[in-house]
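K.L.:
One file: upload-v2.cif (mmCIF, C-alpha atoms).
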data_structure
#
loop_
_atom_site.label_atom_id
_atom_site.label_comp_id
_atom_site.auth_asym_id
_atom_site.auth_seq_id
_atom_site.Cartn_x
_atom_site.Cartn_y
_atom_site.Cartn_z
CA MET K 1 44.03 -28.57 39.62
CA MET K 2 40.64 -30.12 39.14
CA ALA K 3 37.97 -29.45 36.55
CA PRO K 4 35.23 -28.19 36.17
CA PHE K 5 37.19 -25.03 36.99
CA LEU K 6 34.14 -22.94 37.88
CA LYS K 7 32.79 -25.50 40.31
CA TYR K 8 36.18 -25.96 41.91
CA GLY K 9 36.31 -22.22 42.45
CA LEU K 10 39.22 -21.47 40.13
CA PHE K 11 37.28 -18.44 38.95
CA ASN K 12 33.97 -16.90 39.94
CA GLU K 13 30.69 -16.44 38.11
CA GLU K 14 31.67 -13.08 36.64
CA VAL K 15 34.90 -14.43 35.20
CA SER K 16 32.95 -17.40 33.87
CA LEU K 17 31.08 -14.97 31.61
CA VAL K 18 34.39 -13.84 30.14
CA VAL K 19 35.43 -17.46 29.68
CA ALA K 20 32.10 -18.19 28.01
CA PHE K 21 32.63 -15.23 25.69
CA VAL K 22 36.06 -16.45 24.63
CA ILE K 23 34.82 -20.00 24.10
CA GLY K 24 31.84 -18.63 22.18
CA ILE K 25 34.10 -16.65 19.84
CA GLY K 26 36.15 -19.78 19.25
CA PHE K 27 33.04 -21.82 18.61
CA GLY K 28 31.68 -19.27 16.16
CA PHE K 29 35.04 -19.14 14.38
CA ALA K 30 35.07 -22.92 14.05
CA LEU K 31 31.52 -22.93 12.69
CA GLU K 32 32.36 -20.25 10.14
CA ARG K 33 35.56 -22.03 9.07
CA ALA K 34 33.64 -25.27 8.64
CA GLY K 35 31.37 -23.43 6.21
CA PHE K 36 28.44 -23.51 8.59
CA GLY K 37 27.88 -19.79 8.23
CA SER K 38 26.19 -20.61 4.94
CA ALA K 39 22.61 -21.84 4.86
CA ARG K 40 23.33 -23.69 1.59
CA LYS K 41 25.97 -25.82 3.25
CA LEU K 42 23.72 -26.52 6.23
CA VAL K 43 20.64 -27.39 4.22
CA SER K 44 22.67 -29.73 2.01
CA GLN K 45 22.56 -32.00 5.00
CA PHE K 46 18.84 -32.48 4.49
CA TYR K 47 19.23 -33.07 0.74
CA LEU K 48 21.89 -35.67 1.66
CA ASP K 49 24.39 -34.41 -0.93
CA ASP K 50 26.75 -32.98 1.70
CA MET K 51 26.77 -34.62 5.10
CA ALA K 52 29.30 -32.20 6.60
CA VAL K 53 26.92 -31.18 9.41
CA PHE K 54 26.50 -34.76 10.51
CA LYS K 55 30.22 -35.47 10.30
CA VAL K 56 31.30 -32.32 12.12
CA MET K 57 28.76 -32.74 14.89
CA PHE K 58 29.55 -36.41 15.41
CA THR K 59 33.28 -35.65 15.33
CA ALA K 60 32.72 -33.01 18.01
CA ILE K 61 30.77 -35.51 20.12
CA VAL K 62 33.44 -38.20 19.84
CA THR K 63 36.29 -35.76 20.49
CA ALA K 64 34.61 -34.26 23.55
CA MET K 65 33.56 -37.69 24.80
CA LEU K 66 37.06 -39.14 24.56
CA GLY K 67 38.49 -36.02 26.19
CA VAL K 68 36.03 -36.17 29.07
CA THR K 69 36.56 -39.90 29.46
CA TYR K 70 40.33 -39.73 29.67
CA LEU K 71 40.43 -36.57 31.79
CA SER K 72 38.02 -38.03 34.31
CA TRP K 73 39.79 -41.40 34.17
CA ILE K 74 43.12 -39.90 35.17
CA GLY K 75 41.33 -37.87 37.82
CA VAL K 76 41.64 -34.36 36.44
CA LEU K 77 37.92 -33.94 35.80
CA ASP K 78 35.22 -34.66 38.34
CA LEU K 79 32.43 -36.10 36.23
CA SER K 80 29.90 -35.88 39.02
CA LEU K 81 30.08 -32.09 38.85
CA VAL K 82 29.41 -31.84 35.15
CA TYR K 83 25.91 -30.51 34.61
CA LEU K 84 23.44 -32.88 33.01
CA THR K 85 20.34 -31.49 31.36
CA PRO K 86 17.35 -33.28 32.90
CA THR K 87 15.40 -35.51 30.54
CA TYR K 88 11.80 -34.66 29.67
CA LEU K 89 11.28 -37.33 27.05
CA VAL K 90 8.16 -36.27 25.12
CA PRO K 91 8.69 -32.48 25.34
CA GLN K 92 12.26 -32.94 24.12
CA LEU K 93 11.15 -35.13 21.22
CA VAL K 94 8.62 -32.49 20.22
CA GLY K 95 11.23 -29.76 20.65
CA GLY K 96 13.63 -31.69 18.43
CA VAL K 97 11.03 -31.92 15.67
CA VAL K 98 10.27 -28.20 15.95
CA LEU K 99 13.97 -27.33 15.82
CA GLY K 100 14.53 -29.64 12.85
CA ALA K 101 11.60 -28.12 10.96
CA GLY K 102 12.92 -24.61 11.65
CA PHE K 103 16.37 -25.75 10.54
CA VAL K 104 15.10 -26.95 7.15
CA VAL K 105 12.90 -23.91 6.59
CA GLY K 106 15.29 -21.23 7.84
CA GLY K 107 18.55 -22.87 6.87
CA TYR K 108 20.14 -22.29 10.26
CA CYS K 109 20.16 -23.76 13.72
CA PRO K 110 20.45 -21.25 16.59
CA GLY K 111 24.26 -21.33 16.87
CA THR K 112 24.97 -21.17 13.15
CA SER K 113 22.46 -18.35 12.68
CA ILE K 114 24.54 -16.23 15.04
CA ALA K 115 27.73 -17.15 13.20
CA ALA K 116 26.03 -16.17 9.93
CA ALA K 117 24.70 -12.92 11.39
CA ALA K 118 28.17 -12.07 12.68
CA THR K 119 29.53 -12.14 9.14
CA GLY K 120 26.68 -9.91 8.01
CA ARG K 121 24.55 -12.40 6.13
CA ILE K 122 21.01 -11.06 5.88
CA ASP K 123 19.37 -14.48 6.16
CA GLY K 124 21.41 -15.04 9.31
CA LEU K 125 20.24 -11.73 10.78
CA VAL K 126 16.63 -12.63 9.99
CA ALA K 127 17.10 -16.03 11.60
CA VAL K 128 18.50 -14.41 14.76
CA ALA K 129 15.53 -12.03 14.86
CA GLY K 130 13.28 -15.06 14.49
CA VAL K 131 15.02 -16.81 17.38
CA GLY K 132 14.42 -13.73 19.52
CA PHE K 133 10.80 -13.42 18.49
CA GLY K 134 10.15 -17.12 18.99
CA THR K 135 11.73 -16.98 22.43
CA LEU K 136 9.47 -14.09 23.34
CA VAL K 137 6.35 -15.91 22.11
CA PHE K 138 7.39 -19.02 23.99
CA ALA K 139 8.01 -17.07 27.18
CA GLU K 140 4.59 -15.40 26.92
CA ALA K 141 2.87 -18.71 26.16
CA TYR K 142 4.77 -20.54 28.87
CA PRO K 143 1.81 -20.82 31.31
CA LEU K 144 -0.16 -22.62 28.58
CA VAL K 145 2.53 -25.19 27.83
CA LYS K 146 3.99 -25.48 31.32
CA SER K 147 2.28 -28.71 32.29
CA PHE K 148 3.36 -30.29 29.01
CA MET K 149 6.91 -29.02 29.46
CA ASN K 150 7.12 -30.75 32.81
CA SER K 151 5.62 -34.04 31.63
CA THR K 152 7.55 -37.32 31.29
CA ALA K 153 10.24 -35.94 33.57
CA MET K 154 12.99 -38.50 34.12
CA GLY K 155 15.60 -36.33 35.81
CA PRO K 156 19.22 -36.27 34.68
CA GLN K 157 19.96 -39.50 32.82
CA THR K 158 23.01 -40.99 31.19
CA ILE K 159 23.09 -44.05 28.95
CA PRO K 160 25.54 -46.00 31.16
CA GLN K 161 23.42 -45.35 34.24
CA TYR K 162 20.02 -45.87 32.59
CA PHE K 163 20.95 -49.16 30.93
CA ASN K 164 23.39 -50.11 33.68
CA LEU K 165 26.26 -50.56 31.22
CA PRO K 166 29.97 -50.07 31.92
CA TYR K 167 30.95 -46.49 31.17
CA GLY K 168 33.89 -47.35 28.92
CA LEU K 169 31.86 -49.80 26.88
CA VAL K 170 29.35 -47.08 25.99
CA VAL K 171 32.26 -44.82 25.00
CA PHE K 172 33.61 -47.48 22.65
CA GLY K 173 30.10 -48.12 21.32
CA VAL K 174 29.65 -44.44 20.46
CA VAL K 175 33.04 -44.40 18.68
CA LEU K 176 31.99 -47.42 16.61
CA MET K 177 28.66 -45.74 15.89
CA ALA K 178 30.50 -42.61 14.70
CA ILE K 179 32.87 -44.52 12.43
CA GLY K 180 29.96 -46.48 11.01
CA GLY K 181 28.09 -43.20 10.57
CA PHE K 182 31.00 -41.59 8.70
CA VAL K 183 31.33 -44.54 6.35
CA GLY K 184 27.58 -44.54 5.79
CA ALA K 185 27.50 -40.77 5.26
CA GLY K 186 30.22 -41.00 2.62
CA TRP K 187 28.33 -43.74 0.85
CA VAL K 188 25.07 -41.73 0.87
CA GLU K 189 26.87 -38.63 -0.45
CA ARG K 190 28.37 -40.54 -3.35
CA ARG K 191 25.01 -42.11 -4.22
CA VAL K 192 23.12 -38.79 -4.12
CA ARG K 193 25.76 -36.84 -6.04
CA ALA K 194 25.96 -39.51 -8.73
CA LYS K 195 22.31 -38.92 -9.57
CA MET E 196 52.24 -51.24 9.72
CA SER E 197 53.66 -47.84 8.80
CA PHE E 198 53.34 -48.71 5.16
CA SER E 199 49.60 -49.28 5.34
CA PHE E 200 49.08 -46.39 7.76
CA SER E 201 50.74 -43.88 5.45
CA ARG E 202 48.27 -44.71 2.73
CA LEU E 203 45.33 -43.59 4.84
CA SER E 204 43.82 -40.15 4.47
CA THR E 205 43.89 -37.74 7.43
CA ASN E 206 40.25 -38.49 8.14
CA GLN E 207 40.90 -42.19 8.19
CA ARG E 208 43.89 -41.76 10.48
CA LEU E 209 41.83 -39.69 12.89
CA ALA E 210 39.07 -42.31 12.78
CA ALA E 211 41.66 -44.98 13.54
CA LEU E 212 42.93 -42.90 16.44
CA ALA E 213 39.39 -42.50 17.79
CA PHE E 214 38.91 -46.26 17.44
CA VAL E 215 42.08 -47.00 19.39
CA LEU E 216 41.26 -44.46 22.09
CA GLY E 217 37.71 -45.78 22.35
CA LEU E 218 38.96 -49.36 22.61
CA ALA E 219 41.45 -48.40 25.28
CA ALA E 220 38.72 -46.57 27.19
CA ILE E 221 36.60 -49.68 27.73
CA PRO E 222 37.90 -50.24 31.27
CA ALA E 223 37.64 -46.51 32.06
CA THR E 224 36.17 -45.58 35.41
CA PRO E 225 35.42 -41.87 35.56
CA THR E 226 36.12 -39.86 38.68
CA ARG E 227 32.93 -39.03 40.49
CA GLY E 228 33.54 -36.83 43.48
CA GLY E 229 36.99 -35.74 44.43
CA ALA E 230 38.84 -33.35 46.65
CA VAL E 231 36.78 -31.07 48.83
CA ARG E 232 37.23 -27.37 49.19
CA ILE E 233 35.18 -25.27 51.56
CA ALA E 234 34.84 -21.60 50.82
CA PRO E 235 33.76 -20.05 54.12
CA GLU E 236 32.95 -16.64 52.62
CA GLU E 237 30.83 -18.24 49.93
CA LEU E 238 28.93 -20.26 52.53
CA ALA E 239 28.46 -17.23 54.74
CA ILE E 240 27.08 -15.17 51.90
CA ALA E 241 24.73 -17.95 50.85
CA ILE E 242 23.49 -18.21 54.42
CA GLU E 243 22.97 -14.49 54.77
CA ARG E 244 21.09 -14.28 51.52
CA LYS E 245 19.00 -17.28 52.53
CA ALA E 246 20.03 -18.77 49.19
CA ASP E 247 20.33 -22.08 51.03
CA HIS E 248 16.61 -22.16 51.85
CA VAL E 249 13.50 -23.20 50.01
CA SER E 250 10.23 -22.05 51.52
CA ALA E 251 7.45 -24.52 52.22
CA PRO E 252 5.00 -22.93 49.73
CA ASP E 253 7.70 -23.07 47.03
CA LEU E 254 8.27 -26.75 47.74
CA ALA E 255 4.52 -27.32 47.54
CA ASP E 256 4.50 -25.69 44.11
CA TRP E 257 7.40 -27.84 42.96
CA ILE E 258 5.63 -31.01 44.04
CA ILE E 259 2.38 -29.97 42.38
CA GLN E 260 4.25 -29.15 39.17
CA GLY E 261 5.73 -32.63 39.28
CA ARG E 262 9.31 -31.41 39.27
CA VAL E 263 11.84 -34.20 39.58
CA ASP E 264 15.05 -32.23 39.32
CA PHE E 265 15.63 -32.48 43.05
CA ARG E 266 15.69 -35.10 45.78
CA LEU E 267 13.70 -34.45 48.89
CA LEU E 268 15.31 -36.05 51.93
CA ASP E 269 13.53 -36.54 55.23
CA LEU E 270 16.19 -36.56 57.96
CA ARG E 271 13.91 -37.71 60.78
CA ALA E 272 13.85 -41.16 62.32
CA GLU E 273 12.09 -43.93 60.46
CA ALA E 274 9.10 -43.96 62.81
CA ALA E 275 8.39 -40.29 62.29
CA TYR E 276 8.81 -40.74 58.56
CA ALA E 277 6.34 -43.63 58.58
CA THR E 278 3.75 -41.48 60.36
CA TYR E 279 3.93 -38.52 58.05
CA ARG E 280 6.18 -37.32 55.28
CA ILE E 281 6.05 -34.70 52.59
CA PRO E 282 5.00 -36.46 49.37
CA GLY E 283 7.97 -37.68 47.40
CA ALA E 284 10.38 -37.53 50.33
CA GLU E 285 12.94 -40.27 50.86
CA ASN E 286 13.85 -41.22 54.38
CA LEU E 287 17.48 -40.68 55.27
CA PRO E 288 18.05 -40.49 59.03
CA ILE E 289 20.87 -38.09 59.66
CA ALA E 290 23.14 -40.83 61.00
CA SER E 291 23.10 -42.63 57.68
CA LEU E 292 23.85 -39.47 55.71
CA PRO E 293 27.64 -39.96 55.38
CA ALA E 294 27.18 -43.40 53.84
CA ALA E 295 24.23 -42.53 51.63
CA GLY E 296 26.24 -42.14 48.43
CA LEU E 297 24.45 -39.04 47.15
CA ALA E 298 25.73 -37.81 43.82
CA LEU E 299 27.49 -34.46 43.86
CA ASN E 300 25.51 -33.08 40.93
CA GLU E 301 22.12 -33.77 42.46
CA LYS E 302 19.94 -31.02 43.78
CA ILE E 303 19.11 -32.00 47.32
CA LEU E 304 16.46 -30.52 49.58
CA LEU E 305 16.69 -31.45 53.25
CA TYR E 306 14.14 -31.21 55.97
CA GLY E 307 13.74 -32.29 59.58
CA GLU E 308 11.24 -31.56 62.32
CA ASP E 309 12.52 -28.01 62.67
CA GLY E 310 15.48 -26.37 60.99
CA VAL E 311 18.34 -27.66 63.13
CA HIS E 312 19.05 -31.12 61.78
CA ALA E 313 18.60 -29.91 58.25
CA ALA E 314 21.14 -27.15 58.85
CA GLN E 315 23.65 -29.61 60.27
CA ALA E 316 23.15 -32.03 57.42
CA TRP E 317 23.39 -29.11 55.00
CA PHE E 318 26.85 -28.29 56.30
CA LEU E 319 27.93 -31.95 56.22
CA LEU E 320 26.97 -32.18 52.57
CA LYS E 321 28.46 -28.81 51.67
CA ALA E 322 31.71 -29.87 53.28
CA ARG E 323 31.68 -33.00 51.16
CA GLY E 324 31.47 -30.97 48.00
CA HIS E 325 27.76 -31.06 47.24
CA ARG E 326 26.92 -27.86 45.45
CA ALA E 327 23.16 -27.78 45.28
CA VAL E 328 22.00 -28.51 48.81
CA TYR E 329 19.04 -26.66 50.24
CA MET E 330 16.99 -26.72 53.41
CA LEU E 331 13.28 -26.48 53.79
CA ASP E 332 12.87 -23.18 55.61
CA GLY E 333 11.45 -23.97 59.05
CA GLY E 334 11.34 -27.71 58.46
CA LEU E 335 8.21 -29.78 58.81
CA GLU E 336 6.77 -27.23 61.22
CA ALA E 337 6.68 -24.63 58.48
CA TRP E 338 5.23 -27.18 56.08
CA LYS E 339 2.36 -27.76 58.50
CA ASN E 340 1.82 -24.08 59.22
CA LEU E 341 2.18 -22.65 55.75
CA VAL E 342 1.03 -25.45 53.47
CA LEU E 343 -1.12 -28.00 55.27
CA TYR E 344 -2.94 -25.71 57.68
CA PRO E 345 -2.42 -22.18 56.51
CA ARG E 346 -4.22 -19.35 58.31
CA LEU E 347 -6.29 -17.45 55.81
CA ALA E 348 -6.22 -13.71 56.18
CA ASP E 349 -9.25 -11.45 55.86
CA ALA E 350 -10.46 -11.63 52.30
CA ALA E 351 -10.93 -7.91 52.06
CA THR E 352 -9.26 -7.24 48.75
CA PRO E 353 -9.48 -9.28 45.55
CA GLU E 354 -5.76 -10.04 45.89
CA ALA E 355 -6.23 -11.39 49.37
CA ARG E 356 -9.14 -13.50 48.17
CA GLN E 357 -7.06 -14.83 45.32
CA ARG E 358 -4.25 -15.60 47.68
CA ASN E 359 -6.62 -17.40 50.05
CA GLU E 360 -8.03 -19.43 47.18
CA ARG E 361 -4.54 -20.48 46.21
CA LEU E 362 -3.57 -21.37 49.78
CA ARG E 363 -6.75 -23.39 50.12
CA SER E 364 -6.24 -25.39 46.93
CA VAL E 365 -2.60 -26.15 47.79
CA SER E 366 -3.58 -27.15 51.30
CA LEU E 367 -6.36 -29.44 50.10
CA HIS E 368 -4.02 -30.94 47.51
CA PHE E 369 -1.76 -32.16 50.28
CA GLY E 370 -4.65 -33.34 52.46
CA GLY E 371 -4.64 -30.44 54.90
CA THR E 372 -7.30 -27.93 55.82
CA PRO E 373 -6.90 -24.19 55.77
CA THR E 374 -8.05 -22.40 58.91
CA ALA E 375 -10.01 -19.24 58.51
CA GLY E 376 -8.46 -16.48 60.52
CA ALA E 377 -11.02 -13.98 59.35
CA GLY E 378 -12.88 -12.99 62.50
CA GLU E 379 -9.99 -12.99 64.94
CA GLY E 380 -8.67 -9.52 64.43
CA GLY E 381 -6.02 -8.54 61.96
CA SER E 382 -3.30 -11.02 62.81
CA GLU E 383 -0.74 -11.42 60.05
CA PRO E 384 -1.20 -14.66 58.15
CA ALA E 385 2.48 -15.48 58.47
CA VAL E 386 2.39 -15.40 62.28
CA SER E 387 0.12 -18.42 62.40
CA ALA E 388 2.66 -20.45 64.32
CA ALA E 389 1.13 -19.91 67.78
CA PRO E 390 -2.17 -21.82 67.56
CA LEU E 391 -0.81 -24.88 65.74
CA PRO E 392 -3.67 -26.60 63.94
CA PRO E 393 -4.23 -30.26 64.73
CA VAL E 394 -2.21 -32.65 62.63
CA PRO E 395 -3.74 -35.98 63.53
CA ALA E 396 -5.87 -37.97 61.13
CA VAL E 397 -4.29 -36.80 57.92
CA LYS E 398 -0.90 -38.06 58.92
CA GLY E 399 -1.32 -41.64 57.84
CA SER E 400 -3.22 -40.99 54.66
CA ALA E 401 -0.86 -38.32 53.44
CA ALA E 402 1.91 -40.86 53.20
CA ALA E 403 0.52 -42.46 50.07
CA ARG E 404 -0.28 -39.36 48.13
CA PRO E 405 1.37 -39.51 44.74
CA ALA E 406 -1.97 -40.23 43.09
CA PRO E 407 -3.45 -36.71 43.15
CA LYS E 408 -0.10 -35.36 42.08
CA LYS E 409 -0.19 -37.43 38.92
CA LYS E 410 -3.68 -36.21 38.21
CA LYS E 411 -2.63 -32.61 38.60
CA GLU E 412 0.21 -33.08 36.14
CA GLY E 413 -2.18 -33.77 33.33
CA CYS E 414 -4.26 -30.64 33.48
#
What do you get writing this file as C-alpha cells?

P.N.:
Amino acid sequence: MMAPFLKYGLFNEEVSLVVAFVIGIGFGFALERAGFGSARKLVSQFYLDDMAVFKVMFTAIVTAMLGVTYLSWIGVLDLSLVYLTPTYLVPQLVGGVVLGAGFVVGGYCPGTSIAAAATGRIDGLVAVAGVGFGTLVFAEAYPLVKSFMNSTAMGPQTIPQYFNLPYGLVVFGVVLMAIGGFVGAGWVERRVRAK
Amino acid sequence: MSFSFSRLSTNQRLAALAFVLGLAAIPATPTRGGAVRIAPEELAIAIERKADHVSAPDLADWIIQGRVDFRLLDLRAEAAYATYRIPGAENLPIASLPAAGLALNEKILLYGEDGVHAAQAWFLLKARGHRAVYMLDGGLEAWKNLVLYPRLADAATPEARQRNERLRSVSLHFGGTPTAGAGEGGSEPAVSAAPLPPVPAVKGSAAARPAPKKKKEGC
C-alpha cells in the first residue's frame, strides 16, 4: 500500500471529500483543545506573553516533517506525488503580511475562526463572515491584481532542491531550529510575564 | 541515562525524541516515484472528456500570463525545434523521453508536429505514473492555425469584433499575423485549416521571444 492514497487510487475524488471532512473535524477538535478557539489565546502570541501558537505550529511542522521523512524513506510514501504549492515570492510575502494584520486585528486566522464559530463564539462567526466577504471582494477584484498575483513565479520549490542540500540534513536543521525556537519562546514568555 | 531522562518534562522528552529522529534522518533519501498502476477506465474517461488536452489559445494565454506551473515539452527533432518552437518550450525528442527524469508531480504539456507523437508520449508518461500530463490539442499545426495565423471572422457584431481584437493581439504577441477572412463568405473561423498561412520568416525570430512576454507581465 502506497501513499498518497488518493493518487494511488485507493479511493476516488468523492471519497476524498469524506476523508477531508473527517480530517477537518479532527483538526478543528485539536485546535479547540489547544485553546485556539479563543481569540485571547491566539492574540497572546503577538503580545509575546503566551507563545502557544508558535509552539503548536512548529510542533506540527516537525511532527509532520519527521513522519513524511520516515514514511518516504522506508518507501511507503511517494514524495514526488505530494502536492507542492508553487512559489510566487512577492505576492506570498504580501499575502503573509495581510494575513498577519488580519490575525492581530480579528484575533483569528482562517482555520481557528472556523473552530471558534463551531463552538458558537460570536467573534468567530464574525471572522468567518469576514473571510467569506473578503474572498468575494478578492474574487471580484481578481482581474485587477492578476498580473501581480502571477509575478515572481518560481514554480514549486523545496529548500533541499533550491539550495541543493541533502534532504535529511535540512530535516535535522529544521528540528534544531524548532528546539532552539521552543527554548527561545520559553525565555521570551518568562521575560514578558515577569514585567 | 534513565536517571537523567526521568527528570525531564514531557515536552523535553518529546524534544529529545525529535532531536534523535532528526539526527537519524540525516542520511534519509525519500522515495520519489514508485510502483505504477494504470487505470484503463480512468484514462478512457479522461480521453473522452478531452481532459487530457489543452487548446492552443489556452496555451497562448498561459504563456502571456507568465504561468510557470507547467513544463512545455517539444517532442520534435532538434532541427525542427531549432527552426521554430513555442516560446518557453524545452526540446525533448520522443526517443529521449524515457530517460528524461521528469518529476511525477510536474504538470507537463506535450506537443509535436501534429497530435500523434504527443499522444504516444502522453501514454508513455501516464504509464509511468505521471498524473498531470496534457497534450496540445492539434499540436504545432493548431498553434499555427489558431494562434499565430488565426482567420478572423466577419466583424459583424461587437462580440465578434472583440474576439477578433483579442485574436489579433495574441497573434502579434507571438510574432504571427492574423488573416482577415472577412470578404470570403461566411466560413467558420475554426475551419481555417485548409488555406494554411505561410510560416516562413517568423520562424527564426520567434525562437528568442521571452522578451515581450516579460514586458507583458508587468502591465

K.L.:
Any idea what's packed within 8 Å of Val43 of chain K, counting only C-alpha atoms, ignoring anything in its chain fewer than 5 positions away? Could you give it as a PyMOL selection string?

P.N.:
chain K and resi 103-104+107-108

K.L.:
Counting only C-alpha atoms, which residues of chain K fall within 9 Å of chain E, and what is the closest atom pair for each with its distance in Å at one decimal, ordered by chain and rising number, as CSV?

P.N.:
residue,atom,partner,partner_atom,distance
K:Met2,CA,E:Ala230,CA,8.4
K:Lys7,CA,E:Arg326,CA,8.2
K:Tyr8,CA,E:Arg232,CA,7.5
K:Gly9,CA,E:Ala234,CA,8.5
K:Val62,CA,E:Ala213,CA,7.6
K:Thr63,CA,E:Ala213,CA,7.9
K:Leu66,CA,E:Gly217,CA,7.0
K:Val68,CA,E:Pro225,CA,8.7
K:Thr69,CA,E:Pro225,CA,6.5
K:Tyr70,CA,E:Ala220,CA,7.5
K:Leu71,CA,E:Pro225,CA,8.2
K:Ser72,CA,E:Pro225,CA,4.8
K:Trp73,CA,E:Pro225,CA,4.6
K:Ile74,CA,E:Thr226,CA,7.8
K:Gly75,CA,E:Thr226,CA,5.6
K:Val76,CA,E:Thr226,CA,8.1
K:Leu77,CA,E:Thr226,CA,6.8
K:Asp78,CA,E:Thr226,CA,5.3
K:Leu79,CA,E:Arg227,CA,5.2
K:Ser80,CA,E:Arg227,CA,4.6
K:Leu81,CA,E:Asn300,CA,5.1
K:Val82,CA,E:Asn300,CA,7.1
K:Tyr83,CA,E:Asn300,CA,6.8
K:Leu84,CA,E:Asn300,CA,8.2
K:Pro86,CA,E:Asp264,CA,6.9
K:Lys146,CA,E:Gln260,CA,8.7
K:Ser147,CA,E:Glu412,CA,6.2
K:Phe148,CA,E:Gly413,CA,7.8
K:Asn150,CA,E:Arg262,CA,6.9
K:Ser151,CA,E:Glu412,CA,7.1
K:Ala153,CA,E:Val263,CA,6.5
K:Met154,CA,E:Val263,CA,7.0
K:Gly155,CA,E:Asp264,CA,5.4
K:Pro156,CA,E:Asp264,CA,7.4
K:Pro166,CA,E:Ile221,CA,7.9
K:Tyr167,CA,E:Ala223,CA,6.7
K:Gly168,CA,E:Ile221,CA,3.8
K:Leu169,CA,E:Ile221,CA,4.8
K:Val170,CA,E:Ile221,CA,7.9
K:Val171,CA,E:Gly217,CA,6.1
K:Phe172,CA,E:Gly217,CA,4.4
K:Gly173,CA,E:Gly217,CA,8.0
K:Val174,CA,E:Gly217,CA,8.4
K:Val175,CA,E:Gly217,CA,6.1
K:Leu176,CA,E:Phe214,CA,7.1
K:Ala178,CA,E:Ala210,CA,8.8
K:Ile179,CA,E:Ala210,CA,6.6

K.L.:
Draw an axis-aligned box over all listed atoms of segment 44-58 of chain K, pad each side with 8 Å, and write its centre and edge lengths in Å, one decimal, as AutoDock Vina command-line options.

P.N.:
--center_x 25.1 --center_y -33.1 --center_z 7.2 --size_x 28.5 --size_y 22.7 --size_z 32.3

K.L.:
With the PyMOL selection byres ((chain K and resi 114) around 10) as the selection, what would be picked from this file? Answer as a ChimeraX atom specification, please.

P.N.:
/K:28,31,37,108-113,115-121,124-125,127-129,131

K.L.:
If we count all atoms listed in the file, what is near Ala255 of chain E at a cut-off of 9 Å, once residues fewer than 6 positions away on the same chain are taken out, given as a PyMOL selection string?

P.N.:
chain E and resi 338+342+365-366+369

K.L.:
Generate the output file for the selected residues, C-alpha atoms, as a PDB file, in the coordinates of the input.

P.N.:
ATOM      1  CA  TRP E 338       5.230 -27.180  56.080  1.00  0.00           C
ATOM      2  CA  VAL E 342       1.030 -25.450  53.470  1.00  0.00           C
ATOM      3  CA  VAL E 365      -2.600 -26.150  47.790  1.00  0.00           C
ATOM      4  CA  SER E 366      -3.580 -27.150  51.300  1.00  0.00           C
ATOM      5  CA  PHE E 369      -1.760 -32.160  50.280  1.00  0.00           C
TER       6      PHE E 369
END

K.L.:
Give me, please, the distance in Å between atom CA of Pro252 of chain E and atom CA of Leu341 of chain E, quoted to one decimal.

P.N.:
6.7 Å

K.L.:
Nearest to Gly310 of chain E among E:Leu331, E:Ala350, E:Leu254, E:Leu362, with distances taken over all atoms listed in the file: which residue is it?

P.N.:
E:Leu331

K.L.:
In Å to one decimal, how far is atom CA of Val19 of chain K from atom CA of Ala34 of chain K?

P.N.:
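These two atoms are separated by 22.5 Å.
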
K.L.:
Could you check how far atom CA of Arg266 of chain E sits from atom CA of Val328 of chain E, in Å to one decimal?

P.N.:
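Computing it gives 9.6 Å between the two atoms.
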